[in-house]
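Asks: Input: one structure, supplied below.
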Amino acid sequence: MKILLLGAGGREHALAWKLAQSKQTEKIYVTSGANAGLLEVCEEIGIKALEGAKLAEFAKENKVGLVVIGPEAPLCAGVAEELRKSGLAVVGPDLKGSRLEGSKIFAKKFMRKYGIPTADFRIFSDPALAKDYVSSIGGRCVVKADGLAAGKGVFVCFSEKEALEAVKATLEDKEFGAAGSEILIEEFLEGEEASILALTDGKTIVPLESAQDHKRVFDNDRGPNTGGMGAYSPAPVVTEEILETVRRDILLPTLKGIREEGMDYRGVIYAGLMIGPKGVNVLEYNVRFGDPETQAVLPRLKNDLAEVFQAVEQGRLGDVRLEWDERAAVCVIMAAPGYPGKYPKGLPITGLEEARALPDTYVFQAGTVRSGGELLTNGGRVLGVTALGATIGEACRAAYEGVGKISFPDAHYRRDIAYRALKNRK
Ligand SMILES: Nc1ncnc2c1ncn2[C@@H]1O[C@H](COP(=O)(O)OP(=O)(O)O)[C@@H](O)[C@H]1O
Ligand SMILES: [Mg+2]
């Protein structure tokens with residue numbers, strides 16, 4: 001079977017790496033902009049992930065048996081739906097399903113309707129009303145732009161001043177354009193975060209192993225938010241008991257909502273959780289694999305991913321039993337100096353082969369390009385080094401051993417990935 005993969009980053013490299021191991025996979029095509037790691041396993045087709053009509057034409061002409069969509073942008077633009085309409089087999093939700101990520105207000109209303117636990121919220125489009133509300137609750141809250149904002153549209157506010165500034169940035173200064181013309185103001189929830197990714201074919205919903213990522217750029221969760229600086233799986237905060245709660249109170253009602261709303265949802269649903277004194281609450285949905293959670297979760301999956309995806313697409317997920325490597329996985333992201341702000345490109349990378357040669361160590365490329373014989377940086381997040389180990393501590397040591405083999409000028413990475421999991425264990 002020929003597969004077409006949409007996307008260009010680290011998550012997609014992990015997906016391609018796993019799909020390439022399947023006996024079913026004859027060839028993997030990938031959309032434009034693919035990093036050097038992807039190009040080792042895929043053939044680039046020179047069509048962008050958002051060009052639905054061209055992709056459909058290409059996929060039909062080349063007898064593509066399965067389309068896998070990595071990022072949210074094409075999903076929220078309706079590309080899955082468009083490809084399916086031309087008869088292709090696609091893993092990814094339709095436009096309506098993708099609204100669970102594309103509109104935070106839509107997602108909140110969905111959660112309220114189907115009784116899924118989530119922080120209390122109010123919706124505003126008038127800045128004066130939003131400011132009055134913020135002042136009335138004393139400032140501590142979370143302000144969220146409604147639409148896609150590349151992880152920058154959420155303001156966790158600790159004072160009235162911060163909350164008023166967040167309202168100004170979104171509703172008055174229009175920093176997120178139309179994505180911020182409506183906002184949510186949410187109750188602040190205490191606790192520890194974790195991610196549950198699940199597969200669904202619209203009939204069955206099956207959680208993958210838990211994971212947790214690190215969003216802040218510096219150690220001890222300081223500095224600005226990034227796309228993610230590392231991840232580990234499993235997340236010890238997700239105990240058997242919590243997983244049972246997640247299944248009963250979150251995943252099953254989510255599936256019920258998907259069905260009752262008439263979504264064609266065949267793909268991944270990701271619930272960002274806050275686990276704390278108020279129980280297990282959903283912070284947000286994503287409608288695709290997380291990056292870098294995928295780089296920590298997929299190396300633990302024993303199943304043939306191409307077969308699993310086919311089952312999702314054909315509505316046979318109920319027949320699939322996922323099997324997991326008992327070992328833990330830790331992924332450390334190596335980023336360009338300055339990321340998530342301005343950063344240079346074209347820095348030469350060395351030592352990748354040495355890292356890869358270590359046992360149970362995988363290097364997933366994110367922002368890389370090959371030029372001449374050389375591997376160069378080509379993005380903010382450059383590489384993700386994942387290692388497996390008997391415990392999270394061992395996986396962590398192994399991942400950092402891999403990181404230690406690789407260098408490029410002023411490479412930045414956090415030294416404390418998985419610290420929460422290690423602390424919990426003690
Ligand atoms: N209600 C809330 N209470 C406390 N923290 C929150 C809340 N909502 C979001 N956050 C924090 O903000 C981060 C980003 O919010 P999220 O809803 O996941 O949006 P996005 O990932 O699209 O930026 C979360 O990972 C969490 O740390
Ligand atoms: Mg999030």
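Labels for the structure tokens follow display order: chains A, B, ..., residues from 1 in each chain, ligands from 1.
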Could you please write out, as a PDB file with C-alpha atoms, in the first residue's frame, every residue of range 206-364 of chain A that DSSP assigns to alpha helix (DSSP H)?
Replies:
```pdb
ATOM      1  CA  GLU A 240      -5.107   2.971  36.558  1.00  0.00           C
ATOM      2  CA  GLU A 241      -7.827   4.639  38.587  1.00  0.00           C
ATOM      3  CA  ILE A 242      -7.470   7.967  36.770  1.00  0.00           C
ATOM      4  CA  LEU A 243      -7.449   6.176  33.444  1.00  0.00           C
ATOM      5  CA  GLU A 244     -10.728   4.517  34.384  1.00  0.00           C
ATOM      6  CA  THR A 245     -12.182   7.933  35.252  1.00  0.00           C
ATOM      7  CA  LEU A 252     -17.031   7.681  26.301  1.00  0.00           C
ATOM      8  CA  PRO A 253     -19.031  10.938  26.547  1.00  0.00           C
ATOM      9  CA  THR A 254     -16.737  12.416  23.882  1.00  0.00           C
ATOM     10  CA  LEU A 255     -17.540   9.482  21.601  1.00  0.00           C
ATOM     11  CA  LYS A 256     -21.233   9.924  22.330  1.00  0.00           C
ATOM     12  CA  GLY A 257     -20.948  13.595  21.362  1.00  0.00           C
ATOM     13  CA  ILE A 258     -19.064  12.765  18.189  1.00  0.00           C
ATOM     14  CA  ARG A 259     -21.863  10.425  17.148  1.00  0.00           C
ATOM     15  CA  GLU A 260     -24.764  12.625  18.152  1.00  0.00           C
ATOM     16  CA  GLU A 293       4.083  13.388  22.652  1.00  0.00           C
ATOM     17  CA  THR A 294       4.014  11.233  19.518  1.00  0.00           C
ATOM     18  CA  GLN A 295       7.797  10.911  19.586  1.00  0.00           C
ATOM     19  CA  ALA A 296       7.501   9.438  23.114  1.00  0.00           C
ATOM     20  CA  VAL A 297       4.396   7.283  22.582  1.00  0.00           C
ATOM     21  CA  LEU A 305       0.634   1.280  12.729  1.00  0.00           C
ATOM     22  CA  ALA A 306      -0.457   0.961   9.098  1.00  0.00           C
ATOM     23  CA  GLU A 307      -2.821  -1.861  10.106  1.00  0.00           C
ATOM     24  CA  VAL A 308      -4.123   0.130  13.066  1.00  0.00           C
ATOM     25  CA  PHE A 309      -4.785   3.155  10.854  1.00  0.00           C
ATOM     26  CA  GLN A 310      -6.592   0.994   8.305  1.00  0.00           C
ATOM     27  CA  ALA A 311      -8.799  -0.355  11.069  1.00  0.00           C
ATOM     28  CA  VAL A 312      -9.569   3.212  12.166  1.00  0.00           C
ATOM     29  CA  GLU A 313     -10.398   4.214   8.618  1.00  0.00           C
ATOM     30  CA  GLN A 314     -12.558   1.152   7.929  1.00  0.00           C
ATOM     31  CA  LEU A 352      23.405  12.246  14.771  1.00  0.00           C
ATOM     32  CA  GLU A 353      24.614   8.818  13.623  1.00  0.00           C
ATOM     33  CA  GLU A 354      26.434   8.237  16.927  1.00  0.00           C
ATOM     34  CA  ALA A 355      23.259   9.027  18.848  1.00  0.00           C
ATOM     35  CA  ARG A 356      21.194   6.792  16.605  1.00  0.00           C
ATOM     36  CA  ALA A 357      23.632   3.915  17.099  1.00  0.00           C
TER      37      ALA A 357
END
```
Asks: Name the residues, by chain letter and number, that sit within 8 Å of ligand 1 using only C-alpha atoms and all ligand atoms, and give them as a ChimeraX atom specification.
Replies: /A:101,104,118-120,141-142,144,148-156,186-191,193,215,272,274,283-285
Asks: Quick one: residues within 8 Å of Tyr339 in chain A, only C-alpha atoms counted, chain neighbours fewer than 3 positions away excluded, as a PyMOL selection string?
Replies: chain A and resi 217+226+335-336+342-343+380-381
Asks: Take the residues that were just selected and, keeping C-alpha atoms, output them as a PDB file, in the first residue's frame.
Replies:
```
ATOM      1  CA  VAL A 217      11.416  26.804  26.975  1.00  0.00           C
ATOM      2  CA  THR A 226       7.001  26.659  22.849  1.00  0.00           C
ATOM      3  CA  ALA A 335      16.138  23.599  19.641  1.00  0.00           C
ATOM      4  CA  ALA A 336      17.886  26.418  17.826  1.00  0.00           C
ATOM      5  CA  LYS A 342      14.020  34.653  16.484  1.00  0.00           C
ATOM      6  CA  TYR A 343      16.613  32.010  15.731  1.00  0.00           C
ATOM      7  CA  GLY A 380      13.155  26.305  15.847  1.00  0.00           C
ATOM      8  CA  ARG A 381      12.725  22.793  17.088  1.00  0.00           C
TER       9      ARG A 381
END
```
Asks: Give me, as a PyMOL selection string, the residues of range 196-426 of chain A that a backbone DSSP run labels strand (DSSP E or B).
Replies: chain A and resi 196-200+205-207+211-218+222-233+267-276+279-286+301+324+328-335+348+350+361-365+368-371+374-377+381-389+407+412
Asks: What would the file look like if the residues just selected were written as a PDB file, in the first residue's frame with C-alpha atoms?
Replies:
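selection_33.pdb, freshly written:
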```pdb
ATOM      1  CA  ILE A 196      -4.445  11.192  26.694  1.00  0.00           C
ATOM      2  CA  LEU A 197      -4.367  10.468  23.007  1.00  0.00           C
ATOM      3  CA  ALA A 198      -7.025   8.127  21.733  1.00  0.00           C
ATOM      4  CA  LEU A 199      -7.941   6.565  18.424  1.00  0.00           C
ATOM      5  CA  THR A 200     -11.523   6.478  17.298  1.00  0.00           C
ATOM      6  CA  ILE A 205     -12.569   4.864  21.281  1.00  0.00           C
ATOM      7  CA  VAL A 206      -9.238   3.418  22.382  1.00  0.00           C
ATOM      8  CA  PRO A 207      -6.766   5.369  24.510  1.00  0.00           C
ATOM      9  CA  ALA A 211       2.111  11.103  27.979  1.00  0.00           C
ATOM     10  CA  GLN A 212       3.144  14.456  29.259  1.00  0.00           C
ATOM     11  CA  ASP A 213       4.947  17.259  27.479  1.00  0.00           C
ATOM     12  CA  HIS A 214       6.876  20.326  28.611  1.00  0.00           C
ATOM     13  CA  LYS A 215       5.746  23.560  26.975  1.00  0.00           C
ATOM     14  CA  ARG A 216       8.060  26.149  28.548  1.00  0.00           C
ATOM     15  CA  VAL A 217      11.416  26.804  26.975  1.00  0.00           C
ATOM     16  CA  PHE A 218      13.575  26.772  30.135  1.00  0.00           C
ATOM     17  CA  ARG A 222      10.178  28.991  33.088  1.00  0.00           C
ATOM     18  CA  GLY A 223      10.199  31.241  30.032  1.00  0.00           C
ATOM     19  CA  PRO A 224       7.797  31.485  27.129  1.00  0.00           C
ATOM     20  CA  ASN A 225       5.673  28.664  25.766  1.00  0.00           C
ATOM     21  CA  THR A 226       7.001  26.659  22.849  1.00  0.00           C
ATOM     22  CA  GLY A 227       5.589  23.937  20.640  1.00  0.00           C
ATOM     23  CA  GLY A 228       7.007  21.516  23.239  1.00  0.00           C
ATOM     24  CA  MET A 229      10.524  20.940  24.594  1.00  0.00           C
ATOM     25  CA  GLY A 230      10.184  17.292  25.529  1.00  0.00           C
ATOM     26  CA  ALA A 231       7.778  14.553  26.504  1.00  0.00           C
ATOM     27  CA  TYR A 232       7.627  11.281  28.355  1.00  0.00           C
ATOM     28  CA  SER A 233       5.364   8.270  28.435  1.00  0.00           C
ATOM     29  CA  GLY A 267      -8.632   9.623  13.581  1.00  0.00           C
ATOM     30  CA  VAL A 268      -6.942  10.787  16.739  1.00  0.00           C
ATOM     31  CA  ILE A 269      -8.585  12.692  19.549  1.00  0.00           C
ATOM     32  CA  TYR A 270      -6.300  14.173  22.158  1.00  0.00           C
ATOM     33  CA  ALA A 271      -7.538  15.366  25.525  1.00  0.00           C
ATOM     34  CA  GLY A 272      -5.325  17.768  27.460  1.00  0.00           C
ATOM     35  CA  LEU A 273      -6.099  17.031  31.117  1.00  0.00           C
ATOM     36  CA  MET A 274      -5.676  18.852  34.399  1.00  0.00           C
ATOM     37  CA  ILE A 275      -5.608  16.422  37.309  1.00  0.00           C
ATOM     38  CA  GLY A 276      -5.990  18.086  40.703  1.00  0.00           C
ATOM     39  CA  GLY A 279     -10.732  15.924  39.771  1.00  0.00           C
ATOM     40  CA  VAL A 280      -9.880  15.226  36.161  1.00  0.00           C
ATOM     41  CA  ASN A 281     -10.851  18.073  33.845  1.00  0.00           C
ATOM     42  CA  VAL A 282     -10.374  18.554  30.117  1.00  0.00           C
ATOM     43  CA  LEU A 283      -8.404  21.710  29.268  1.00  0.00           C
ATOM     44  CA  GLU A 284      -8.699  21.273  25.532  1.00  0.00           C
ATOM     45  CA  TYR A 285      -9.072  18.848  22.681  1.00  0.00           C
ATOM     46  CA  ASN A 286      -6.656  18.424  19.836  1.00  0.00           C
ATOM     47  CA  LEU A 301       3.623   0.848  20.409  1.00  0.00           C
ATOM     48  CA  TRP A 324       2.640  -1.683  24.428  1.00  0.00           C
ATOM     49  CA  ALA A 328       9.134   4.074  29.492  1.00  0.00           C
ATOM     50  CA  ALA A 329      10.133   6.550  26.804  1.00  0.00           C
ATOM     51  CA  VAL A 330      11.574  10.026  27.149  1.00  0.00           C
ATOM     52  CA  CYS A 331      11.975  12.500  24.286  1.00  0.00           C
ATOM     53  CA  VAL A 332      14.245  15.547  24.622  1.00  0.00           C
ATOM     54  CA  ILE A 333      13.885  18.311  22.035  1.00  0.00           C
ATOM     55  CA  MET A 334      17.006  20.085  20.828  1.00  0.00           C
ATOM     56  CA  ALA A 335      16.138  23.599  19.641  1.00  0.00           C
ATOM     57  CA  PRO A 348      25.684  22.378  10.936  1.00  0.00           C
ATOM     58  CA  THR A 350      27.036  16.589  13.895  1.00  0.00           C
ATOM     59  CA  THR A 361      17.526   5.436  20.922  1.00  0.00           C
ATOM     60  CA  TYR A 362      15.724   7.194  18.079  1.00  0.00           C
ATOM     61  CA  VAL A 363      16.440  10.595  16.620  1.00  0.00           C
ATOM     62  CA  PHE A 364      13.352  12.231  15.133  1.00  0.00           C
ATOM     63  CA  GLN A 365      14.114  15.229  12.987  1.00  0.00           C
ATOM     64  CA  THR A 368      16.487  19.967   9.472  1.00  0.00           C
ATOM     65  CA  VAL A 369      17.621  20.137   5.877  1.00  0.00           C
ATOM     66  CA  ARG A 370      20.342  18.326   3.967  1.00  0.00           C
ATOM     67  CA  SER A 371      22.606  20.508   1.859  1.00  0.00           C
ATOM     68  CA  GLU A 374      25.748  18.216   5.425  1.00  0.00           C
ATOM     69  CA  LEU A 375      22.818  18.178   7.809  1.00  0.00           C
ATOM     70  CA  LEU A 376      21.782  21.715   8.806  1.00  0.00           C
ATOM     71  CA  THR A 377      19.247  23.194  11.209  1.00  0.00           C
ATOM     72  CA  ARG A 381      12.725  22.793  17.088  1.00  0.00           C
ATOM     73  CA  VAL A 382      15.502  20.875  15.355  1.00  0.00           C
ATOM     74  CA  LEU A 383      15.566  17.305  16.690  1.00  0.00           C
ATOM     75  CA  GLY A 384      13.831  15.068  19.194  1.00  0.00           C
ATOM     76  CA  VAL A 385      15.940  12.388  20.830  1.00  0.00           C
ATOM     77  CA  THR A 386      13.853   9.558  22.268  1.00  0.00           C
ATOM     78  CA  ALA A 387      15.139   6.651  24.318  1.00  0.00           C
ATOM     79  CA  LEU A 388      13.447   3.700  25.987  1.00  0.00           C
ATOM     80  CA  GLY A 389      14.368   2.504  29.464  1.00  0.00           C
ATOM     81  CA  SER A 407      25.878  19.052  18.554  1.00  0.00           C
ATOM     82  CA  HIS A 412      19.325  24.623  23.452  1.00  0.00           C
TER      83      HIS A 412
END
```
Asks: So, with only C-alpha atoms and all ligand atoms as the atoms that count, which of A:Ala178, A:Ala128, A:Val30, A:Ala194 lies closest to ligand 2?
Replies: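 Residue with the minimum atom-to-atom distance to ligand 2: A:Ala194.
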Asks: Looking at only C-alpha atoms, which of A:Ala49, A:Gly372, A:Leu208, A:Gly78 is the one that sits closest to Arg247 in chain A?
Replies: A:Leu208
Asks: Just to confirm, what's the straight-line distance from CA of Asn35 in chain A to CA of Ala418 in chain A in Å (one decimal)?
Replies: 26.3 Å
Asks: What does the structure give for the distance between CA of Ser210 in chain A and CA of Arg288 in chain A, in Å to one decimal?
Replies: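 Interatomic distance here is 14.8 Å.
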Asks: Enter the distance from CA of Gly9 in chain A to CA of Asn378 in chain A, in Å, rounded to one decimal.
Replies: 10.7 Å
Asks: Residues at most 7 Å from range 131-140 of chain A, counting only C-alpha atoms, excluding those fewer than 6 positions away in the same chain, as a PyMOL selection string?
Replies: chain A and resi 157-160+163-164+167+188
Asks: For C-alpha atoms, I'd like the residues from the last selection saved as a PDB file, in the first residue's frame.
Replies:
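Printed below is part.pdb as written:
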```pdb
ATOM      1  CA  CYS A 157      -3.441  35.194  34.508  1.00  0.00           C
ATOM      2  CA  PHE A 158      -2.552  35.577  38.160  1.00  0.00           C
ATOM      3  CA  SER A 159      -3.750  39.157  38.649  1.00  0.00           C
ATOM      4  CA  GLU A 160      -6.424  41.531  37.440  1.00  0.00           C
ATOM      5  CA  ALA A 163      -6.172  39.485  32.794  1.00  0.00           C
ATOM      6  CA  LEU A 164      -7.034  43.000  31.593  1.00  0.00           C
ATOM      7  CA  VAL A 167      -8.418  40.940  27.107  1.00  0.00           C
ATOM      8  CA  PHE A 188      -8.170  28.636  36.782  1.00  0.00           C
TER       9      PHE A 188
END
```
Asks: Looking at only C-alpha atoms, which of A:Leu75, A:Ala421, A:Arg321, A:Lys63 is the one that sits closest to Val237 in chain A?
Replies: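 For Val237 in chain A, the nearest of the candidates is A:Ala421.
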Asks: Select, from A:Leu322, A:Val287, A:Ile417, A:Met263, the residue with the minimum atom-to-atom distance to ligand 2, counting only C-alpha atoms and all ligand atoms.
Replies: A:Val287
Asks: Of the candidates A:Glu182, A:Arg415, A:Phe408, A:Asp219, which one gets nearest to Cys396 in chain A if we count only C-alpha atoms?
Replies: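 Looking at the shortest contact to Cys396 in chain A, the residue is A:Arg415.
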Asks: Nearest to Ala59 in chain A among A:Arg266, A:Arg248, A:Arg84, A:Arg112, with distances taken over only C-alpha atoms: which residue is it?
Replies: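 Nearest to Ala59 in chain A: A:Arg84.
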Asks: Using only C-alpha atoms, determine which residues lie at most 8 Å from Lys2 in chain A, disregarding the query and same-chain residues fewer than 3 positions distant; provide the list as a list in words.
Replies: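 Close residues of Lys2 in chain A: Thr25, Glu26, Lys27, Ile28, Tyr29, Lys63, Val64, Gly65 and Leu66 of chain A.
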Asks: Those selected residues, please, written with C-alpha atoms and delivered as a short mmCIF file (atom, residue, chain, number, x, y, z; two decimals), in the first residue's frame.
Replies:
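Final output, selection.cif:
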```cif
data_model
loop_
_atom_site.label_atom_id
_atom_site.label_comp_id
_atom_site.auth_asym_id
_atom_site.auth_seq_id
_atom_site.Cartn_x
_atom_site.Cartn_y
_atom_site.Cartn_z
CA THR A 25 3.77 -0.10 3.41
CA GLU A 26 5.17 -0.01 -0.10
CA LYS A 27 6.00 3.66 -0.20
CA ILE A 28 5.30 6.85 1.76
CA TYR A 29 4.72 10.15 -0.02
CA LYS A 63 -3.14 4.87 -6.20
CA VAL A 64 -2.56 6.00 -2.62
CA GLY A 65 -4.24 3.52 -0.27
CA LEU A 66 -4.16 5.62 2.89
#
```
